[in-house]
Structures are given as structure tokens and as C-alpha cells.
Amino acid sequence: MDHLPAGRRRGAGDRRHPRLLPRRPAAVPARVRDAVATLSATAAAGDGAGATLADWTLAERVGRWVAGLSGVDADVRDVARLRAMVADAVRLADEPSRLATGLGEGLEPASARVVGRGEWIASNLASMRHLTDPHAATLLRRSTFPPAASRKAVGIQVGLVFGYLSTRVLGQYEVFLPGGRTPGRLTLVGPNLLQVERELAEGSDIDAEELVRGVVLHELGHRLQFEAVPWLRGHLRHIIDDYLARTEIDPERIRSGIATLRHKVTSGQLDLRDLAEAFLSPEQAERLEEAQAVMSLLEGHGNVVMDWGAELMDDGGIDPARVRTALNARRRSVSGPSKLVGKALGMGMKAAQYAVGETFITDVADAHGRATFNRVWEDPAHIPTADELTDPDAWAERVGRAA
């Protein structure tokens with residue numbers, strides 16, 4: 001459990017911010033009993049969801065319960081300080097991110113919001129519902145479970161995943177907002193930033209402002225990708241829709257896949273091919289590989305924007321290497337059940353894939369120039385394949401021939 005920084009004590013007039021930070025959880029046994037009772041009552045009541053893939057109310061309850069298993073102490077002064085720090089970081093990083101990428105001419109000035117874990121969960125569930133509802137009726141018909149049971153099962157699983165992720169995510173650019181609203185929005189998770197700040201104060205020479213500016217630069221890279229490249233949002237949505245259209249909720253395949261992967265998860269040897277072979281049809285596996293190539297590119301680009309943008313920040317610049325070192329140390333510090341959950345969700349696999357994307361971009365830029373790399377934003381056909389991510393010269397040659 002985290003507490004206020006040294007020298008700070010909660011006075012009688014202090015109060016927690018009602019939206020940004022969770023209350024300190026009660027003792028574990030009482031909390032677990034209450035959560036089980038709540039989830040049981042929700043599951044028994046029926047969700048009346050119609051053509052929707054999950055019991056989203058149940059998913060949010062589960063997610064908030066998981067997020068509440070670990071809290072972060074803070075008062076209104078902590079909240080105000082963090083929000084001011086984020087606003088300052090966005091102001092400083094907006095123009096450098098545009099100059100570094102060559103993207104974003106004519107876009108409105110960037111802005112960001114700071115939310116608590118519960119609001120982050122609710123926002124991501126709403127986006128997930130927006131993406132999956134068009135396919136829900138078809139998916140539920142394919143399931144061997146009754147629709148109501150399928151919705152409950154998916155709701156619990158999704159809630160567990162997002163509940164865990166809500167304790168780890170520092171920042172996110174939300175691309176697919178409910179109703180197809182655009183532009184997206186840059187969101188930072190306040191409790192997690194405060195938690196990392198306090199961890200860094202104990203064993204690092206990086207301060208909170210530098211950390212926040214690094215995170216903001218990375219996420220501004222994603223903002224520019226999706227708001228300055230007109231085809232990218234639709235392209236990624238098409239991949240998701242095609243993947244969902246080929247999905248079947250097959251309990252036997254899930255049970256078999258879990259058994260197949262159990263050893264790899266505990267030994268830390270999980271990779272994308274293992275997941276594809278265990279759970280997916282060949283068509284799904286092909287789409288997943290395509291999606292992973294896109295995400296490797298986008299996340300690697302976010303890291304590169306942090307590097308290139310930092311070079312252009314006149315006031316209050318950052319050292320990206322120090323930010324990376326601090327964040328990598330945070331990932332390595334996860335232990336116990338949280339570490340197993342992270343492995344099960346493929347967190348290490350994702351980090352490795354994103355490193356591949358970053359190396360691809362820097363290799364192309366170093367050997368062929370940044371202008372050559374920027375041709376990736378001209379056409380969906382210019383997105384590197386999984387093979388090209390490890391052979392940047394082959395990608396540069398292919399894109400050069402298309403000129």
C-alpha cells in the first residue's frame with residue numbers, strides 16, 4: 001500500500017479526490033466477501049443486454065474490484081499538482097512531437113485528461129463494446145454456451161483483464177471512442193503515475209516531471225498517427241472487424257488452448273505464435289499477425305517520437321534513456337500473482353514486439369533517412385509485414401519501387 005510522500009500527512013481538512021483516485025481498500029477478507037456477493041447478485045439478475053457480447057455491467061464491477069485490491073493514497077493537493085504537471089508536459093511536447101514526425105499540421109492543440117483507475121476501466125469497456133457490438137449476435141450464435149451464460153463469462157474475463165491493466169497503464173491514446181466519435185483523446189491514469197513517482201523517489205535520479213513528459217511524448221506520437229494519417233483508424237478497424245467476423249466462442253478450444261499454454265506461461269516462454277496455434281483458426285492467426293505488425297510499428301514509433309521529440313524540446317527537455325530505464329525497472333519489479341497475470345496476458349511478448357518496431361524505424365531512418373520512413377504513412381500497403389520488421393532494407397526497397 002502506498003502512502004503520501006515523506007513530510008506529508010493527511011490533515012482533518014484533507015479529502016480524496018472523488019474521481020481521480022480510488023479509496024483505500026478495506027481489509028482483504030471483507031473486500032473479497034463483498035465483491036463475491038456483488039458479482040453473484042449481478043450475475044443472477046440478468047443483464048438484459050440483447051445483441052451485445054458481454055455483460056458490461058458485470059465487467060465493470062469485476063474490473064473495479066480488481067483495481068481496488070491495491071490503492072494509492074493521495075489528497076486534493078496531489079491531484080492538482082499532477083494535473084498541472086500533465087498540462088505543462090502537453091504544452092511543452094505538442095510542437096516538438098509534430099516537428100519530429102512531420103505530422104499534425106493543422107491539428108488543434110493537444111490536450112490530455114487525468115483519470116482514476118475506475119474511469120479508465122469504464123472508458124475502455126465502452127470502447128470495446130463499440131467495437132464488438134456489431135458482431136455480437138453472430139458470435140453468440142456460434143457459441144456452444146447459451147447467450148446469457150456467454151455474456152456473463154466474457155464479462156468476467158474482460159473485467160479481470162481490464163482491472164489488472166488499470167493498475168499498470170500510465171498513458172493511452174484512446175482511438176475508438178463510443179459512437180465512432182473523433183478525434184480520440186489522450187488519457188493518463190493518475191494513481192499509477194503517482195505510484196511510479198513515489199517508487200522513483202526511492203531509488204532513481206529521474207523526477208516526476210521528466211517521467212510525465214516522456215509518457216506524454218509517447219502518447220502524442222499515437223495522437224499524430226491517428227489524427228494526421230487519414231486512413232489509419234479505418235484500416236485498424238477493418239483488421240479488428242475481420243478478426244471478429246472469423247471468431248468462434250468454442251469452450252473446448254479454450255480449454256485445450258489453456259492446457260497447451262500453461263507450461264509456457266509459467267516458464268515465461270510465451271510468444272505470439274503459441275497463442276495463435278493454441279486458440280485461433282488459420283485465418284484468425286493471419287489477421288492477428290497483421291494486427292501485431294501494425295501495433296509493433298505504432299508503439300515503436302511512439303518510443304521513437306519520445307527520442308526525436310526530446311531533442312527538440314527547448315524548455316524542460318527529458319532524457320529518454322532515463323525514462324526507459326525507470327519504466328523497465330518498474331516492469332521487472334512486478335512479482336507474485338501480478339507477474340503471472342502479466343505473463344498470461346503476454347505483456348513481455350508485447351514489449352518485445354514493440355522493441356522490434358522501434359529498431360525497425362531507427363534502422364530505416366539511419367540507413368535511408370527519416371523521409372523514407374515517413375512514407376509508411378502514405379498508404380496502408382506501406383505498413384511493414386512481420387518479416388520486413390526484421391529486414392528494414394527489404395521494406396525500404398519495396399516502398400522505393402512503389403514511388
# chains A, B, ... in the order shown; residues from 1 in each chain; ligands from 1
>>> residues_around(residues="Ala89 in chain A", least_positions_apart="6", cutoff="8 Å", atoms="only C-alpha atoms", output="ChimeraX atom specification")
/A:209,212-213,216
>>> write_last_selection(atoms="C-alpha atoms", output="compact mmCIF listing (two decimals), in the first residue's frame")
# COMPACT_ATOMS: atom_id res chain seq x y z
CA GLU A 209 8.18 15.83 -14.37
CA VAL A 212 5.39 12.51 -17.24
CA ARG A 213 6.94 14.35 -20.18
CA VAL A 216 3.17 12.34 -22.86
>>> select_by_dssp(residues="range 82-223 of chain A", states="strand (DSSP E or B)", output="MDAnalysis selection string")
chainID A and resid 112:115 171:174 185:189
>>> select_by_dssp(residues="range 45-243 of chain A", states="helix (DSSP H, G or I)", output="ChimeraX atom specification")
/A:45,56-67,76-101,117-142,147-165,178-180,190-203,208-228,232-243
>>> residues_around(residues="range 378-380 of chain A", least_positions_apart="6", cutoff="8 Å", atoms="only C-alpha atoms", output="count of residues only")
4
>>> closest_residue(among="A:Val154, A:Ala365, A:Leu217, A:Val189", to="Glu311 in chain A", atoms="only C-alpha atoms")
A:Leu217
>>> closest_residue(among="A:Met128, A:Leu194, A:Ala351, A:Leu92", to="Arg324 in chain A", atoms="only C-alpha atoms")
A:Ala351
>>> decode(residues="range 81-142 of chain A", atoms="C-alpha atoms", output="PDB file, in the first residue's frame")
ATOM      1  CA  ARG A  81      -0.182  19.028  -8.747  1.00  0.00           C
ATOM      2  CA  LEU A  82      -0.353  16.022 -11.075  1.00  0.00           C
ATOM      3  CA  ARG A  83      -2.913  17.626 -13.375  1.00  0.00           C
ATOM      4  CA  ALA A  84      -0.814  20.791 -13.617  1.00  0.00           C
ATOM      5  CA  MET A  85       2.258  18.668 -14.382  1.00  0.00           C
ATOM      6  CA  VAL A  86       0.417  16.836 -17.185  1.00  0.00           C
ATOM      7  CA  ALA A  87      -0.935  20.071 -18.697  1.00  0.00           C
ATOM      8  CA  ASP A  88       2.577  21.548 -18.671  1.00  0.00           C
ATOM      9  CA  ALA A  89       4.007  18.406 -20.303  1.00  0.00           C
ATOM     10  CA  VAL A  90       1.426  18.524 -23.101  1.00  0.00           C
ATOM     11  CA  ARG A  91       2.132  22.216 -23.716  1.00  0.00           C
ATOM     12  CA  LEU A  92       5.881  21.609 -23.929  1.00  0.00           C
ATOM     13  CA  ALA A  93       5.713  18.433 -26.024  1.00  0.00           C
ATOM     14  CA  ASP A  94       2.983  19.240 -28.565  1.00  0.00           C
ATOM     15  CA  GLU A  95       5.075  21.198 -31.067  1.00  0.00           C
ATOM     16  CA  PRO A  96       8.241  19.059 -30.758  1.00  0.00           C
ATOM     17  CA  SER A  97       6.210  15.914 -31.448  1.00  0.00           C
ATOM     18  CA  ARG A  98       4.850  17.453 -34.654  1.00  0.00           C
ATOM     19  CA  LEU A  99       8.260  18.648 -35.796  1.00  0.00           C
ATOM     20  CA  ALA A 100       9.848  15.276 -35.045  1.00  0.00           C
ATOM     21  CA  THR A 101       7.289  13.321 -37.056  1.00  0.00           C
ATOM     22  CA  GLY A 102       6.357  15.739 -39.810  1.00  0.00           C
ATOM     23  CA  LEU A 103       2.727  15.038 -38.909  1.00  0.00           C
ATOM     24  CA  GLY A 104      -0.064  17.138 -37.449  1.00  0.00           C
ATOM     25  CA  GLU A 105      -0.102  20.330 -39.499  1.00  0.00           C
ATOM     26  CA  GLY A 106      -3.474  22.000 -38.897  1.00  0.00           C
ATOM     27  CA  LEU A 107      -4.448  19.847 -35.919  1.00  0.00           C
ATOM     28  CA  GLU A 108      -5.879  21.572 -32.875  1.00  0.00           C
ATOM     29  CA  PRO A 109      -3.501  21.997 -29.910  1.00  0.00           C
ATOM     30  CA  ALA A 110      -3.169  18.769 -27.963  1.00  0.00           C
ATOM     31  CA  SER A 111      -4.859  18.272 -24.592  1.00  0.00           C
ATOM     32  CA  ALA A 112      -4.981  15.462 -22.051  1.00  0.00           C
ATOM     33  CA  ARG A 113      -7.165  14.267 -19.213  1.00  0.00           C
ATOM     34  CA  VAL A 114      -6.109  12.570 -15.994  1.00  0.00           C
ATOM     35  CA  VAL A 115      -8.443   9.881 -14.650  1.00  0.00           C
ATOM     36  CA  GLY A 116      -8.632   7.264 -11.933  1.00  0.00           C
ATOM     37  CA  ARG A 117      -8.469   3.545 -12.493  1.00  0.00           C
ATOM     38  CA  GLY A 118     -12.233   3.085 -12.389  1.00  0.00           C
ATOM     39  CA  GLU A 119     -12.861   5.703 -15.048  1.00  0.00           C
ATOM     40  CA  TRP A 120     -10.102   4.211 -17.208  1.00  0.00           C
ATOM     41  CA  ILE A 121     -11.807   0.814 -16.956  1.00  0.00           C
ATOM     42  CA  ALA A 122     -15.216   2.261 -17.822  1.00  0.00           C
ATOM     43  CA  SER A 123     -13.851   4.149 -20.839  1.00  0.00           C
ATOM     44  CA  ASN A 124     -12.058   1.123 -22.255  1.00  0.00           C
ATOM     45  CA  LEU A 125     -15.056  -1.134 -21.750  1.00  0.00           C
ATOM     46  CA  ALA A 126     -17.239   1.389 -23.578  1.00  0.00           C
ATOM     47  CA  SER A 127     -14.766   1.396 -26.475  1.00  0.00           C
ATOM     48  CA  MET A 128     -14.619  -2.388 -26.506  1.00  0.00           C
ATOM     49  CA  ARG A 129     -18.408  -2.553 -26.604  1.00  0.00           C
ATOM     50  CA  HIS A 130     -18.402  -0.102 -29.522  1.00  0.00           C
ATOM     51  CA  LEU A 131     -16.020  -2.403 -31.422  1.00  0.00           C
ATOM     52  CA  THR A 132     -17.701  -5.718 -30.603  1.00  0.00           C
ATOM     53  CA  ASP A 133     -21.441  -4.962 -30.608  1.00  0.00           C
ATOM     54  CA  PRO A 134     -21.731  -5.102 -34.418  1.00  0.00           C
ATOM     55  CA  HIS A 135     -20.501  -8.721 -34.245  1.00  0.00           C
ATOM     56  CA  ALA A 136     -22.203  -9.774 -31.022  1.00  0.00           C
ATOM     57  CA  ALA A 137     -25.268 -11.532 -32.431  1.00  0.00           C
ATOM     58  CA  THR A 138     -23.159 -13.613 -34.839  1.00  0.00           C
ATOM     59  CA  LEU A 139     -20.587 -14.505 -32.188  1.00  0.00           C
ATOM     60  CA  LEU A 140     -23.220 -15.541 -29.671  1.00  0.00           C
ATOM     61  CA  ARG A 141     -24.967 -17.741 -32.244  1.00  0.00           C
ATOM     62  CA  ARG A 142     -21.660 -19.537 -32.853  1.00  0.00           C
TER      63      ARG A 142
END
